[in-house]
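Engineer: Structure file run06.csv (CSV, C-alpha atoms and all ligand atoms) right here:
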chain,number,residue,atom,x,y,z
A,24,MET,CA,17.6,-14.8,30.3
A,25,GLY,CA,14.9,-12.2,30.1
A,26,GLU,CA,12.3,-11.9,27.5
A,27,ARG,CA,13.3,-10.6,24.1
A,28,ILE,CA,11.5,-7.4,23.3
A,29,VAL,CA,11.9,-6.1,19.8
A,30,ILE,CA,10.9,-2.5,18.9
A,31,LEU,CA,10.1,-2.0,15.2
A,32,GLY,CA,10.7,1.6,14.2
A,33,GLY,CA,13.1,4.0,15.8
A,34,GLY,CA,11.2,7.2,15.5
A,35,ILE,CA,9.9,9.3,18.4
A,36,ALA,CA,7.8,6.5,19.8
A,37,GLY,CA,10.3,3.6,19.2
A,38,ILE,CA,13.3,5.6,20.6
A,39,SER,CA,11.2,6.5,23.7
A,40,ALA,CA,10.6,2.8,24.2
A,41,LYS,CA,14.3,2.0,23.8
A,42,LEU,CA,15.3,4.7,26.3
A,43,ARG,CA,12.9,3.2,28.8
A,44,ASN,CA,14.6,-0.2,28.4
A,45,ARG,CA,18.0,-0.3,26.8
A,46,LYS,CA,17.7,-4.1,26.4
A,47,GLY,CA,14.9,-3.7,23.9
A,48,MET,CA,16.2,-4.5,20.4
A,49,LEU,CA,15.7,-1.6,18.0
A,50,VAL,CA,15.1,-2.1,14.3
A,51,ASP,CA,14.8,0.6,11.7
A,52,LYS,CA,15.4,0.9,8.0
A,53,ASN,CA,17.0,4.4,8.4
A,54,PRO,CA,20.3,5.2,10.1
A,55,TYR,CA,18.8,8.4,11.5
A,56,LEU,CA,15.9,9.4,13.6
A,57,THR,CA,13.9,12.0,11.7
A,58,MET,CA,12.2,14.6,13.9
A,59,ALA,CA,9.1,15.1,11.8
A,60,PRO,CA,8.0,18.3,13.5
A,61,ARG,CA,11.3,19.8,12.3
A,62,ILE,CA,10.9,18.8,8.6
A,63,ILE,CA,9.2,22.1,7.7
A,64,ASP,CA,12.3,23.9,8.9
A,65,ILE,CA,14.2,22.4,6.0
A,66,PHE,CA,12.7,24.9,3.7
A,67,SER,CA,11.3,27.6,6.0
A,68,GLY,CA,14.7,28.1,7.7
A,69,ASN,CA,13.0,28.9,11.1
A,70,ASN,CA,15.3,26.8,13.1
A,71,THR,CA,18.9,26.0,12.4
A,72,ASP,CA,19.1,22.6,14.1
A,73,TYR,CA,19.0,19.5,11.9
A,74,PRO,CA,15.9,17.2,11.9
A,75,LYS,CA,18.0,14.0,11.4
A,76,ILE,CA,19.6,12.6,14.5
A,77,PRO,CA,22.0,9.6,14.5
A,78,ARG,CA,21.1,6.7,16.9
A,79,PRO,CA,22.4,3.2,17.4
A,80,LEU,CA,20.3,0.3,16.0
A,81,ASP,CA,20.4,-3.4,16.6
A,82,TYR,CA,19.3,-4.1,13.1
A,83,MET,CA,19.3,-1.5,10.3
A,84,ASP,CA,16.8,-3.3,8.0
A,85,ASN,CA,13.3,-3.1,6.4
A,86,VAL,CA,10.4,-4.8,8.2
A,87,ARG,CA,8.7,-6.9,5.5
A,88,SER,CA,6.2,-8.9,7.4
A,89,ILE,CA,5.5,-10.6,10.7
A,90,ASP,CA,4.2,-14.1,11.6
A,91,PHE,CA,2.3,-13.4,14.8
A,92,GLU,CA,1.7,-17.1,15.5
A,93,SER,CA,5.3,-18.2,15.5
A,94,ARG,CA,6.5,-14.7,16.7
A,95,THR,CA,8.9,-14.2,13.9
A,96,ILE,CA,9.7,-10.9,12.2
A,97,HIS,CA,10.8,-11.1,8.6
A,98,LEU,CA,13.3,-8.4,7.8
A,99,GLN,CA,14.7,-7.9,4.4
A,100,LYS,CA,18.0,-9.5,5.3
A,101,LYS,CA,17.1,-12.0,8.0
A,102,ASP,CA,14.4,-13.3,10.3
A,103,ILE,CA,14.3,-12.5,14.1
A,104,ALA,CA,12.3,-14.1,16.9
A,105,TYR,CA,10.6,-12.1,19.6
A,106,ASP,CA,8.7,-12.7,22.9
A,107,LYS,CA,7.1,-9.3,22.7
A,108,VAL,CA,7.1,-6.9,19.8
A,109,ILE,CA,6.4,-3.1,20.0
A,110,MET,CA,5.1,-1.7,16.7
A,111,ALA,CA,6.3,1.9,16.1
A,112,LEU,CA,6.5,2.2,12.3
A,113,GLY,CA,5.0,5.7,12.2
A,114,HIS,CA,2.9,7.4,9.6
A,115,SER,CA,2.4,7.7,5.8
A,116,GLN,CA,0.0,9.7,3.5
A,117,ASN,CA,-2.6,8.2,1.2
A,118,TYR,CA,-3.9,10.3,-1.6
A,119,ASP,CA,-4.4,7.6,-4.3
A,120,PHE,CA,-8.1,8.2,-4.0
A,121,ILE,CA,-7.8,11.6,-5.7
A,122,LYS,CA,-8.0,11.5,-9.5
A,123,GLY,CA,-4.7,12.6,-11.0
A,124,SER,CA,-2.8,11.7,-7.8
A,125,ARG,CA,0.4,11.3,-9.8
A,126,TYR,CA,0.6,15.1,-9.9
A,127,ILE,CA,0.5,15.5,-6.1
A,128,HIS,CA,3.5,16.0,-4.0
A,129,GLY,CA,3.4,14.3,-0.6
A,130,PHE,CA,4.8,15.9,2.5
A,131,SER,CA,5.6,13.5,5.3
A,132,SER,CA,9.3,12.7,5.1
A,133,TYR,CA,12.7,14.3,5.1
A,134,ASP,CA,13.1,13.5,1.4
A,135,ASP,CA,9.7,15.1,0.6
A,136,ALA,CA,10.9,18.3,2.2
A,137,ILE,CA,14.3,18.2,0.3
A,138,ASP,CA,12.4,17.7,-3.0
A,139,LEU,CA,10.0,20.6,-2.2
A,140,LYS,CA,12.9,22.9,-1.3
A,141,LYS,CA,14.2,22.4,-4.8
A,142,GLU,CA,10.8,22.7,-6.5
A,143,ILE,CA,9.2,25.6,-4.7
A,144,PRO,CA,11.6,28.4,-6.1
A,145,LYS,CA,10.7,27.3,-9.7
A,146,LYS,CA,6.9,27.5,-9.1
A,147,LYS,CA,4.4,30.3,-9.2
A,148,HIS,CA,1.0,28.9,-8.0
A,149,ILE,CA,1.1,26.4,-5.2
A,150,VAL,CA,-2.0,24.6,-3.9
A,151,ILE,CA,-2.1,22.9,-0.6
A,152,ILE,CA,-4.8,20.2,-0.2
A,153,GLY,CA,-6.0,20.3,3.4
A,154,GLY,CA,-6.2,23.1,6.0
A,155,GLY,CA,-5.3,21.0,9.1
A,156,TYR,CA,-2.2,21.9,11.1
A,157,LEU,CA,0.2,20.6,8.4
A,158,GLY,CA,-1.5,22.6,5.6
A,159,VAL,CA,-1.5,25.7,7.8
A,160,GLU,CA,2.2,25.3,8.8
A,161,LEU,CA,3.2,24.6,5.2
A,162,ALA,CA,1.4,27.6,3.8
A,163,GLY,CA,3.0,29.8,6.5
A,164,ALA,CA,6.4,28.5,5.6
A,165,ILE,CA,6.2,29.0,1.9
A,166,GLY,CA,7.0,32.7,1.3
A,167,GLY,CA,6.8,34.8,-1.8
A,168,LYS,CA,4.5,32.6,-3.8
A,169,ARG,CA,0.8,32.5,-4.6
A,170,VAL,CA,-0.3,29.9,-2.1
A,171,THR,CA,-3.9,28.6,-1.9
A,172,ILE,CA,-5.2,26.2,0.8
A,173,LEU,CA,-8.1,24.1,-0.3
A,174,GLU,CA,-10.1,22.8,2.6
A,175,ALA,CA,-13.1,20.5,2.2
A,176,GLY,CA,-14.6,21.5,5.6
A,177,LYS,CA,-16.2,24.8,6.8
A,178,GLU,CA,-12.9,26.2,8.2
A,179,ILE,CA,-9.2,25.6,8.6
A,180,LEU,CA,-8.0,23.9,11.8
A,181,SER,CA,-11.5,22.5,12.4
A,182,GLY,CA,-11.8,20.4,15.5
A,183,LEU,CA,-9.5,22.8,17.5
A,184,PRO,CA,-10.8,25.7,19.6
A,185,ALA,CA,-12.1,28.7,17.5
A,186,LYS,CA,-9.1,30.9,18.6
A,187,PHE,CA,-6.8,28.6,16.5
A,188,THR,CA,-8.8,29.1,13.4
A,189,GLU,CA,-9.1,32.9,13.9
A,190,THR,CA,-5.4,33.3,14.6
A,191,ALA,CA,-4.2,31.1,11.8
A,192,THR,CA,-6.6,32.8,9.3
A,193,GLU,CA,-5.5,36.2,10.2
A,194,LEU,CA,-1.8,35.4,10.0
A,195,LEU,CA,-2.2,33.5,6.7
A,196,LEU,CA,-4.3,36.2,5.0
A,197,ASP,CA,-1.7,38.8,6.2
A,198,SER,CA,1.0,36.9,4.5
A,199,GLY,CA,-1.0,36.7,1.2
A,200,VAL,CA,-2.2,33.1,1.5
A,201,ASN,CA,-5.6,32.4,-0.2
A,202,ILE,CA,-7.9,30.2,1.9
A,203,GLU,CA,-10.8,28.4,0.2
A,204,VAL,CA,-13.1,26.4,2.4
A,205,GLU,CA,-15.9,24.0,1.5
A,206,ASN,CA,-13.8,23.2,-1.5
A,207,PRO,CA,-13.2,19.4,-1.8
A,208,VAL,CA,-10.7,18.5,-4.4
A,209,VAL,CA,-12.0,16.3,-7.2
A,210,GLU,CA,-9.1,16.1,-9.6
A,211,VAL,CA,-5.5,17.2,-9.9
A,212,LYS,CA,-3.9,18.0,-13.3
A,213,LYS,CA,-0.4,19.0,-14.2
A,214,ASP,CA,-1.2,22.7,-14.0
A,215,SER,CA,-4.5,22.9,-12.1
A,216,VAL,CA,-6.7,21.6,-9.3
A,217,ILE,CA,-10.4,21.1,-9.9
A,218,THR,CA,-12.7,21.2,-6.9
A,219,GLY,CA,-16.4,20.8,-6.6
A,220,VAL,CA,-16.6,24.6,-6.8
A,221,LYS,CA,-14.0,25.8,-9.4
A,222,GLN,CA,-10.6,25.3,-11.0
A,223,TYR,CA,-7.4,26.7,-9.5
A,224,ASN,CA,-4.1,27.2,-11.3
A,225,SER,CA,-1.4,25.1,-9.7
A,226,ASP,CA,2.1,24.2,-10.9
A,227,LEU,CA,2.8,22.5,-7.6
A,228,THR,CA,0.1,20.7,-5.6
A,229,ILE,CA,1.0,19.4,-2.1
A,230,PHE,CA,-1.1,17.0,-0.1
A,231,ALA,CA,-1.6,17.9,3.6
A,232,GLY,CA,-4.9,16.1,4.0
A,233,GLY,CA,-3.9,13.9,6.8
A,234,PHE,CA,-1.9,10.8,7.8
A,235,THR,CA,-2.5,7.1,8.1
A,236,GLY,CA,-0.3,4.5,9.8
A,237,ASN,CA,2.5,2.9,7.9
A,238,LEU,CA,2.3,-0.9,8.3
A,239,PRO,CA,3.8,-2.9,5.4
A,240,ASP,CA,0.9,-4.2,3.2
A,241,SER,CA,1.8,-7.8,4.1
A,242,ILE,CA,0.8,-7.2,7.7
A,243,GLN,CA,-2.9,-8.3,7.5
A,244,ASP,CA,-3.3,-11.1,10.1
A,245,ILE,CA,-4.0,-8.7,13.0
A,246,LYS,CA,-6.8,-6.2,13.6
A,247,ILE,CA,-5.8,-2.9,11.9
A,248,LYS,CA,-7.5,0.4,11.1
A,249,ASN,CA,-6.0,2.9,8.6
A,250,SER,CA,-2.8,0.9,8.6
A,251,ARG,CA,-2.5,1.2,12.4
A,252,ILE,CA,-2.7,-1.7,14.9
A,253,ILE,CA,-5.9,-1.6,17.0
A,254,VAL,CA,-4.9,-1.8,20.7
A,255,ASN,CA,-6.6,-1.8,24.0
A,256,SER,CA,-5.9,0.8,26.7
A,257,TYR,CA,-2.8,-1.1,27.7
A,258,LEU,CA,-1.5,-0.5,24.1
A,259,GLN,CA,-1.8,-4.3,23.5
A,260,SER,CA,-3.1,-5.6,20.2
A,261,VAL,CA,-6.7,-6.7,20.7
A,262,ASP,CA,-6.0,-10.1,19.2
A,263,TYR,CA,-2.3,-10.8,20.0
A,264,PRO,CA,-1.4,-9.9,23.7
A,265,ASP,CA,2.4,-10.1,23.0
A,266,VAL,CA,2.1,-7.3,20.4
A,267,TYR,CA,2.1,-3.7,21.5
A,268,ALA,CA,1.8,-0.5,19.4
A,269,CYS,CA,2.6,3.1,20.0
A,270,GLY,CA,2.8,6.5,18.4
A,271,ASP,CA,1.4,6.8,14.9
A,272,SER,CA,1.3,2.9,14.6
A,273,MET,CA,-1.4,2.6,17.3
A,274,PHE,CA,-5.2,3.0,17.1
A,275,VAL,CA,-6.5,3.0,20.6
A,276,ASP,CA,-9.9,1.4,20.6
A,277,SER,CA,-11.5,3.7,23.2
A,278,GLY,CA,-13.8,5.9,21.2
A,279,ASN,CA,-11.8,9.0,22.1
A,280,PHE,CA,-9.9,10.9,19.5
A,281,ILE,CA,-6.1,10.7,20.1
A,282,PRO,CA,-4.0,13.0,17.9
A,283,MET,CA,-0.9,11.8,16.0
A,284,SER,CA,1.6,14.0,17.8
A,285,ALA,CA,5.2,14.0,19.2
A,286,ILE,CA,4.0,14.1,22.8
A,287,ILE,CA,1.6,11.2,22.3
A,288,ALA,CA,4.3,9.2,20.5
A,289,ARG,CA,6.8,9.7,23.3
A,290,SER,CA,4.4,8.9,26.2
A,291,SER,CA,2.9,5.9,24.4
A,292,GLY,CA,6.4,4.5,23.5
A,293,ILE,CA,7.4,4.6,27.2
A,294,LEU,CA,4.1,2.9,28.3
A,295,ALA,CA,4.2,0.3,25.6
A,296,MET,CA,7.7,-0.8,26.8
A,297,GLU,CA,6.7,-0.7,30.5
A,298,ASN,CA,3.7,-2.9,29.8
A,299,ALA,CA,5.7,-5.2,27.5
A,300,MET,CA,8.1,-5.6,30.5
A,301,GLY,CA,5.1,-6.8,32.7
A,302,GLY,CA,3.5,-3.5,33.7
A,303,LYS,CA,-0.3,-3.2,33.7
A,304,ASN,CA,-1.0,0.5,33.3
A,305,LYS,CA,-3.6,2.1,31.1
A,306,PHE,CA,-2.6,4.7,28.5
A,307,MET,CA,-3.9,8.2,29.6
A,308,PRO,CA,-3.3,10.4,26.6
A,309,ASN,CA,-2.3,13.8,27.6
A,310,ASN,CA,-1.5,16.1,24.7
A,311,PHE,CA,-0.9,18.9,27.2
A,312,ALA,CA,0.3,21.4,24.6
A,313,ASN,CA,-0.8,22.0,21.1
A,314,ILE,CA,1.3,24.7,19.3
A,315,ILE,CA,1.1,25.7,15.7
A,316,ARG,CA,3.5,27.9,13.7
A,317,VAL,CA,2.6,30.2,10.9
A,318,GLY,CA,5.8,31.6,9.4
A,319,LYS,CA,7.7,33.0,12.4
A,320,ASN,CA,4.6,33.2,14.6
A,321,TYR,CA,3.8,30.5,17.2
A,322,PHE,CA,0.5,30.1,19.0
A,323,GLY,CA,-1.6,27.5,20.7
A,324,THR,CA,-2.8,26.0,24.0
A,325,VAL,CA,-1.0,24.7,27.0
A,326,GLY,CA,-3.8,23.0,29.0
A,327,ASN,CA,-6.7,25.4,28.5
A,328,THR,CA,-4.6,28.5,28.2
A,329,PHE,CA,-4.1,30.1,24.8
A,330,ILE,CA,-0.5,31.5,24.4
A,331,GLN,CA,1.3,33.2,21.6
A,332,GLY,CA,4.9,34.3,20.7
A,333,ILE,CA,8.1,33.2,22.3
A,334,ALA,CA,6.5,31.1,25.1
A,335,ALA,CA,4.6,29.1,22.5
A,336,ARG,CA,7.8,28.6,20.5
A,337,ILE,CA,9.7,27.4,23.5
A,338,ILE,CA,7.0,24.8,24.3
A,339,LYS,CA,6.8,23.5,20.7
A,340,ASP,CA,10.6,23.1,20.6
A,341,ALA,CA,10.7,21.6,24.1
A,342,ALA,CA,8.5,18.7,23.1
A,343,VAL,CA,11.0,17.7,20.4
A,344,ALA,CA,14.1,18.6,22.5
A,345,LEU,CA,12.9,16.2,25.3
A,346,THR,CA,13.5,13.3,22.9
A,347,VAL,CA,16.5,14.7,21.0
A,348,ASN,CA,18.6,15.4,24.1
A,349,ARG,CA,18.0,11.9,25.5
A,350,VAL,CA,18.9,10.1,22.2
A,351,LYS,CA,22.5,11.1,22.9
A,352,GLU,CA,22.4,8.8,25.9
A,353,LEU,CA,22.1,5.7,23.8
B,401,LIG,C1,5.7,17.1,8.5
B,401,LIG,C2,5.2,16.8,9.9
B,401,LIG,C3,5.1,17.8,10.9
B,401,LIG,C4,4.7,17.5,12.1
B,401,LIG,N1,4.7,18.4,13.1
B,401,LIG,C5,4.3,18.1,14.3
B,401,LIG,C6,4.4,19.1,15.4
B,401,LIG,O1,4.7,20.3,15.1
B,401,LIG,N2,4.1,18.7,16.6
B,401,LIG,C7,3.7,17.4,16.9
B,401,LIG,O2,3.5,17.1,18.1
B,401,LIG,N3,3.7,16.5,16.0
B,401,LIG,C8,4.0,16.8,14.7
B,401,LIG,N4,3.9,15.8,13.8
B,401,LIG,C9,3.5,14.4,14.1
B,401,LIG,C10,4.6,13.7,14.8
B,401,LIG,O3,5.9,14.0,14.2
B,401,LIG,C11,4.4,12.2,14.8
B,401,LIG,O4,3.1,12.0,15.4
B,401,LIG,C12,5.5,11.4,15.4
B,401,LIG,O5,6.7,11.5,14.7
B,401,LIG,C13,5.1,9.9,15.5
B,401,LIG,O6,6.2,9.2,16.0
B,401,LIG,P1,6.4,7.7,15.6
B,401,LIG,O7,7.6,7.2,16.3
B,401,LIG,O8,5.1,7.0,15.8
B,401,LIG,O9,6.7,7.7,14.0
B,401,LIG,P2,7.9,8.2,13.3
B,401,LIG,O10,8.6,9.3,14.1
B,401,LIG,O11,7.5,8.5,11.9
B,401,LIG,O12,8.9,7.0,13.2
B,401,LIG,C14,8.7,5.8,12.5
B,401,LIG,C15,10.0,5.1,12.3
B,401,LIG,O13,9.7,3.8,11.6
B,401,LIG,C16,10.7,3.6,10.6
B,401,LIG,N5,10.1,2.7,9.7
B,401,LIG,C17,8.9,2.9,9.0
B,401,LIG,N6,8.7,1.8,8.2
B,401,LIG,C18,9.7,0.9,8.4
B,401,LIG,C19,9.9,-0.4,7.9
B,401,LIG,N7,9.1,-1.0,7.1
B,401,LIG,N8,11.0,-1.0,8.4
B,401,LIG,C20,11.9,-0.4,9.3
B,401,LIG,N9,11.7,0.8,9.8
B,401,LIG,C21,10.6,1.5,9.4
B,401,LIG,C22,11.0,4.9,10.1
B,401,LIG,O14,12.3,5.0,9.4
B,401,LIG,C23,10.9,5.8,11.3
B,401,LIG,O15,12.2,6.0,11.9
B,401,LIG,C24,4.4,16.1,12.5
B,401,LIG,C25,4.4,15.1,11.5
B,401,LIG,C26,4.8,15.4,10.2
B,401,LIG,C27,4.9,14.4,9.1
Now that the file is in, can you turn its structure into structure tokens?
Structural biologist:
Amino acid sequence: MGERIVILGGGIAGISAKLRNRKGMLVDKNPYLTMAPRIIDIFSGNNTDYPKIPRPLDYMDNVRSIDFESRTIHLQKKDIAYDKVIMALGHSQNYDFIKGSRYIHGFSSYDDAIDLKKEIPKKKHIVIIGGGYLGVELAGAIGGKRVTILEAGKEILSGLPAKFTETATELLLDSGVNIEVENPVVEVKKDSVITGVKQYNSDLTIFAGGFTGNLPDSIQDIKIKNSRIIVNSYLQSVDYPDVYACGDSMFVDSGNFIPMSAIIARSSGILAMENAMGGKNKFMPNNFANIIRVGKNYFGTVGNTFIQGIAARIIKDAAVALTVNRVKEL
């Protein structure tokens, strides 16, 4: 009998691992794979395809904790043993550090988008905390409202080439979005947001200030950073060599910034499985395309080339389609 490899989380990374080795056992608490890059479409109506895709699971259950010494996974309903485990539990948002966080609406899951779809039509002033790619895409998708992006840094889409910031700023201003930079949020109230600079009316405040990993709180006996497993370049936990991590669950201890993206999730899921099967290859992150959408406009880079329009849209959709089409094979 071969080794028992268990994949925890059947999102983009976990499903890519499973597609690489069908004998890997897949565990997820949700019956559907949610395509996070498609969540915004739920209320923007840009695409007609559905972000929830059915896929077979070996166990539909919640991962509660793991005993890394005895190699036992404690699910809600039962315990399962593993020889190798691949952690692919995805992302979450943490905004508890903001005063008044109970008035903030998160945006990271299918259910968040469904809630917002109901709430947005009833609201007048919408504030989005964070001007990264999520804040920018969200602002672009919410039409007909007074939308303000509050960004703590000097510009939106900071860290990306200047052309991204210029293009997004132009498109957002054209669609009436108010962009306020160097405006760190201090407190959120029911009807306003207070920054270090001024107070903004807001009857709906949405957090788009970034993602962390999503490990259950009980997983502590392994090196983690921002709720992600710290791995070496083979995607192996730095303290348990039979534990691998991929996608948003991994923090690669290389000193280089690796984005949380669908392309990275897919390639790291495949490599984590290959290495768990005995391979010895290093992860070479290649986020070859970075496409952003503002309303119905798509722009970004493929390699070093800046593109806009239909070509950009096809590439953004292709990254997701690559995984979606193959899920049907399972
Ligand atoms: C709103 C949004 C928009 C995005 N847009 C883009 C984009 O345009 N382009 C891009 O490249 N990237 C985008 N991303 C990022 C990209 O979607 C993620 O990097 C990618 O989904 C990570 O894949 P993953 O498999 O690591 O995690 P996920 O796809 O989140 O999968 C995690 C899986 O783990 C399961 N799970 C979690 N906890 C448990 C538990 N305790 N027990 C059992 N199962 C559990 C979940 O049900 C889920 O199926 C976006 C992300 C978000 C949230």
Engineer: Restricting the calculation to only C-alpha atoms and all ligand atoms: of A:Phe66, A:Phe234, A:Tyr118, A:Phe329, which residue gets closest to ligand LIG 401 (chain B)?
Structural biologist: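 Closest to ligand LIG 401 (chain B) of all the choices is A:Phe234.
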Engineer: Around the point (-0.9, -5.4, 20.6) (coordinates from the file), which residues reach within 10 Å if we count all atoms listed in the file? Answer as a ChimeraX atom specification.
Structural biologist: /A:107-110,245-246,252-255,257-269,273,295,299
Engineer: Taking all atoms listed in the file and a cut-off of 7 Å, can you tell me which residues surround ligand LIG 401 (chain B), written as a ChimeraX atom specification?
Structural biologist: /A:31-37,50-53,56-63,84-87,111-114,130-132,157,237-239,269-272,283-286,288,314-315,339
Engineer: Mind dumping the selected residues with C-alpha atoms as a CSV table (one decimal), in the coordinates of the input?
Structural biologist:
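Saved result, selection_12.csv, follows:
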chain,number,residue,atom,x,y,z
A,31,LEU,CA,10.1,-2.0,15.2
A,32,GLY,CA,10.7,1.6,14.2
A,33,GLY,CA,13.1,4.0,15.8
A,34,GLY,CA,11.2,7.2,15.5
A,35,ILE,CA,9.9,9.3,18.4
A,36,ALA,CA,7.8,6.5,19.8
A,37,GLY,CA,10.3,3.6,19.2
A,50,VAL,CA,15.1,-2.1,14.3
A,51,ASP,CA,14.8,0.6,11.7
A,52,LYS,CA,15.4,0.9,8.0
A,53,ASN,CA,17.0,4.4,8.4
A,56,LEU,CA,15.9,9.4,13.6
A,57,THR,CA,13.9,12.0,11.7
A,58,MET,CA,12.2,14.6,13.9
A,59,ALA,CA,9.1,15.1,11.8
A,60,PRO,CA,8.0,18.3,13.5
A,61,ARG,CA,11.3,19.8,12.3
A,62,ILE,CA,10.9,18.8,8.6
A,63,ILE,CA,9.2,22.1,7.7
A,84,ASP,CA,16.8,-3.3,8.0
A,85,ASN,CA,13.3,-3.1,6.4
A,86,VAL,CA,10.4,-4.8,8.2
A,87,ARG,CA,8.7,-6.9,5.5
A,111,ALA,CA,6.3,1.9,16.1
A,112,LEU,CA,6.5,2.2,12.3
A,113,GLY,CA,5.0,5.7,12.2
A,114,HIS,CA,2.9,7.4,9.6
A,130,PHE,CA,4.8,15.9,2.5
A,131,SER,CA,5.6,13.5,5.3
A,132,SER,CA,9.3,12.7,5.1
A,157,LEU,CA,0.2,20.6,8.4
A,237,ASN,CA,2.5,2.9,7.9
A,238,LEU,CA,2.3,-0.9,8.3
A,239,PRO,CA,3.8,-2.9,5.4
A,269,CYS,CA,2.6,3.1,20.0
A,270,GLY,CA,2.8,6.5,18.4
A,271,ASP,CA,1.4,6.8,14.9
A,272,SER,CA,1.3,2.9,14.6
A,283,MET,CA,-0.9,11.8,16.0
A,284,SER,CA,1.6,14.0,17.8
A,285,ALA,CA,5.2,14.0,19.2
A,286,ILE,CA,4.0,14.1,22.8
A,288,ALA,CA,4.3,9.2,20.5
A,314,ILE,CA,1.3,24.7,19.3
A,315,ILE,CA,1.1,25.7,15.7
A,339,LYS,CA,6.8,23.5,20.7
Engineer: Given all atoms listed in the file as the basis, pick out the residue of A:Tyr105, A:Tyr82, A:Phe187, A:Tyr133 nearest to A:Thr324.
Structural biologist: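 Counting all atoms listed in the file, the residue closest to A:Thr324 is A:Phe187.
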Engineer: Determine the nearest neighbour of A:Gly182 from the options A:Pro54, A:Ile103, A:Gly155, A:Phe230, counting only C-alpha atoms.
Structural biologist: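 Of A:Pro54, A:Ile103, A:Gly155, A:Phe230, the one nearest A:Gly182 is A:Gly155, counting only C-alpha atoms.
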Engineer: Counting only C-alpha atoms, find residues at most 12 Å from (-3.9, 30.4, 19.9) (file frame) and give them as a short mmCIF file (atom, residue, chain, number, x, y, z; two decimals) with C-alpha atoms, in the frame of the given file.
Structural biologist:
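Below is the file that was written, point.cif:
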data_model
loop_
_atom_site.label_atom_id
_atom_site.label_comp_id
_atom_site.auth_asym_id
_atom_site.auth_seq_id
_atom_site.Cartn_x
_atom_site.Cartn_y
_atom_site.Cartn_z
CA LEU A 180 -8.00 23.90 11.80
CA LEU A 183 -9.50 22.80 17.50
CA PRO A 184 -10.80 25.70 19.60
CA ALA A 185 -12.10 28.70 17.50
CA LYS A 186 -9.10 30.90 18.60
CA PHE A 187 -6.80 28.60 16.50
CA THR A 188 -8.80 29.10 13.40
CA GLU A 189 -9.10 32.90 13.90
CA THR A 190 -5.40 33.30 14.60
CA ALA A 191 -4.20 31.10 11.80
CA THR A 192 -6.60 32.80 9.30
CA GLU A 193 -5.50 36.20 10.20
CA LEU A 194 -1.80 35.40 10.00
CA ALA A 312 0.30 21.40 24.60
CA ASN A 313 -0.80 22.00 21.10
CA ILE A 314 1.30 24.70 19.30
CA ILE A 315 1.10 25.70 15.70
CA ARG A 316 3.50 27.90 13.70
CA VAL A 317 2.60 30.20 10.90
CA ASN A 320 4.60 33.20 14.60
CA TYR A 321 3.80 30.50 17.20
CA PHE A 322 0.50 30.10 19.00
CA GLY A 323 -1.60 27.50 20.70
CA THR A 324 -2.80 26.00 24.00
CA VAL A 325 -1.00 24.70 27.00
CA GLY A 326 -3.80 23.00 29.00
CA ASN A 327 -6.70 25.40 28.50
CA THR A 328 -4.60 28.50 28.20
CA PHE A 329 -4.10 30.10 24.80
CA ILE A 330 -0.50 31.50 24.40
CA GLN A 331 1.30 33.20 21.60
CA GLY A 332 4.90 34.30 20.70
CA ALA A 334 6.50 31.10 25.10
CA ALA A 335 4.60 29.10 22.50
CA ARG A 336 7.80 28.60 20.50
#
Engineer: Within 10 Å of A:Ile165, counting all atoms listed in the file, which residues qualify if same-chain residues fewer than 3 places away don't, as a ChimeraX atom specification?
Structural biologist: /A:63,66-67,140,143-144,149,160-162,168-170,198,200,317-318
Engineer: Could you save those same residues with C-alpha atoms as a compact mmCIF listing (two decimals), in the frame of the given file?
Structural biologist:
# COMPACT_ATOMS: atom_id res chain seq x y z
CA ILE A 63 9.20 22.10 7.70
CA PHE A 66 12.70 24.90 3.70
CA SER A 67 11.30 27.60 6.00
CA LYS A 140 12.90 22.90 -1.30
CA ILE A 143 9.20 25.60 -4.70
CA PRO A 144 11.60 28.40 -6.10
CA ILE A 149 1.10 26.40 -5.20
CA GLU A 160 2.20 25.30 8.80
CA LEU A 161 3.20 24.60 5.20
CA ALA A 162 1.40 27.60 3.80
CA LYS A 168 4.50 32.60 -3.80
CA ARG A 169 0.80 32.50 -4.60
CA VAL A 170 -0.30 29.90 -2.10
CA SER A 198 1.00 36.90 4.50
CA VAL A 200 -2.20 33.10 1.50
CA VAL A 317 2.60 30.20 10.90
CA GLY A 318 5.80 31.60 9.40
Engineer: In terms of the shortest atom-to-atom distance over all atoms listed in the file, which of A:Leu49, A:Ile179, A:Ile287, A:Ile217 is closest to A:Asn310?
Structural biologist: A:Ile287
Engineer: Work out how far atom CA of A:Leu42 is from atom CA of A:Asn348, in Å to one decimal.
Structural biologist: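 Calculated distance between atom CA of A:Asn348 and atom CA of A:Leu42 is 11.4 Å.
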Engineer: At what distance in Å, to one decimal, does atom CA of A:Arg251 lie from atom CA of A:Glu210?
Structural biologist: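 Interatomic distance here is 27.4 Å.
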Engineer: What is the distance between atom CA of A:His97 and atom CA of A:Met300, in Å to one decimal?
Structural biologist: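 Those two atoms sit 22.7 Å apart.
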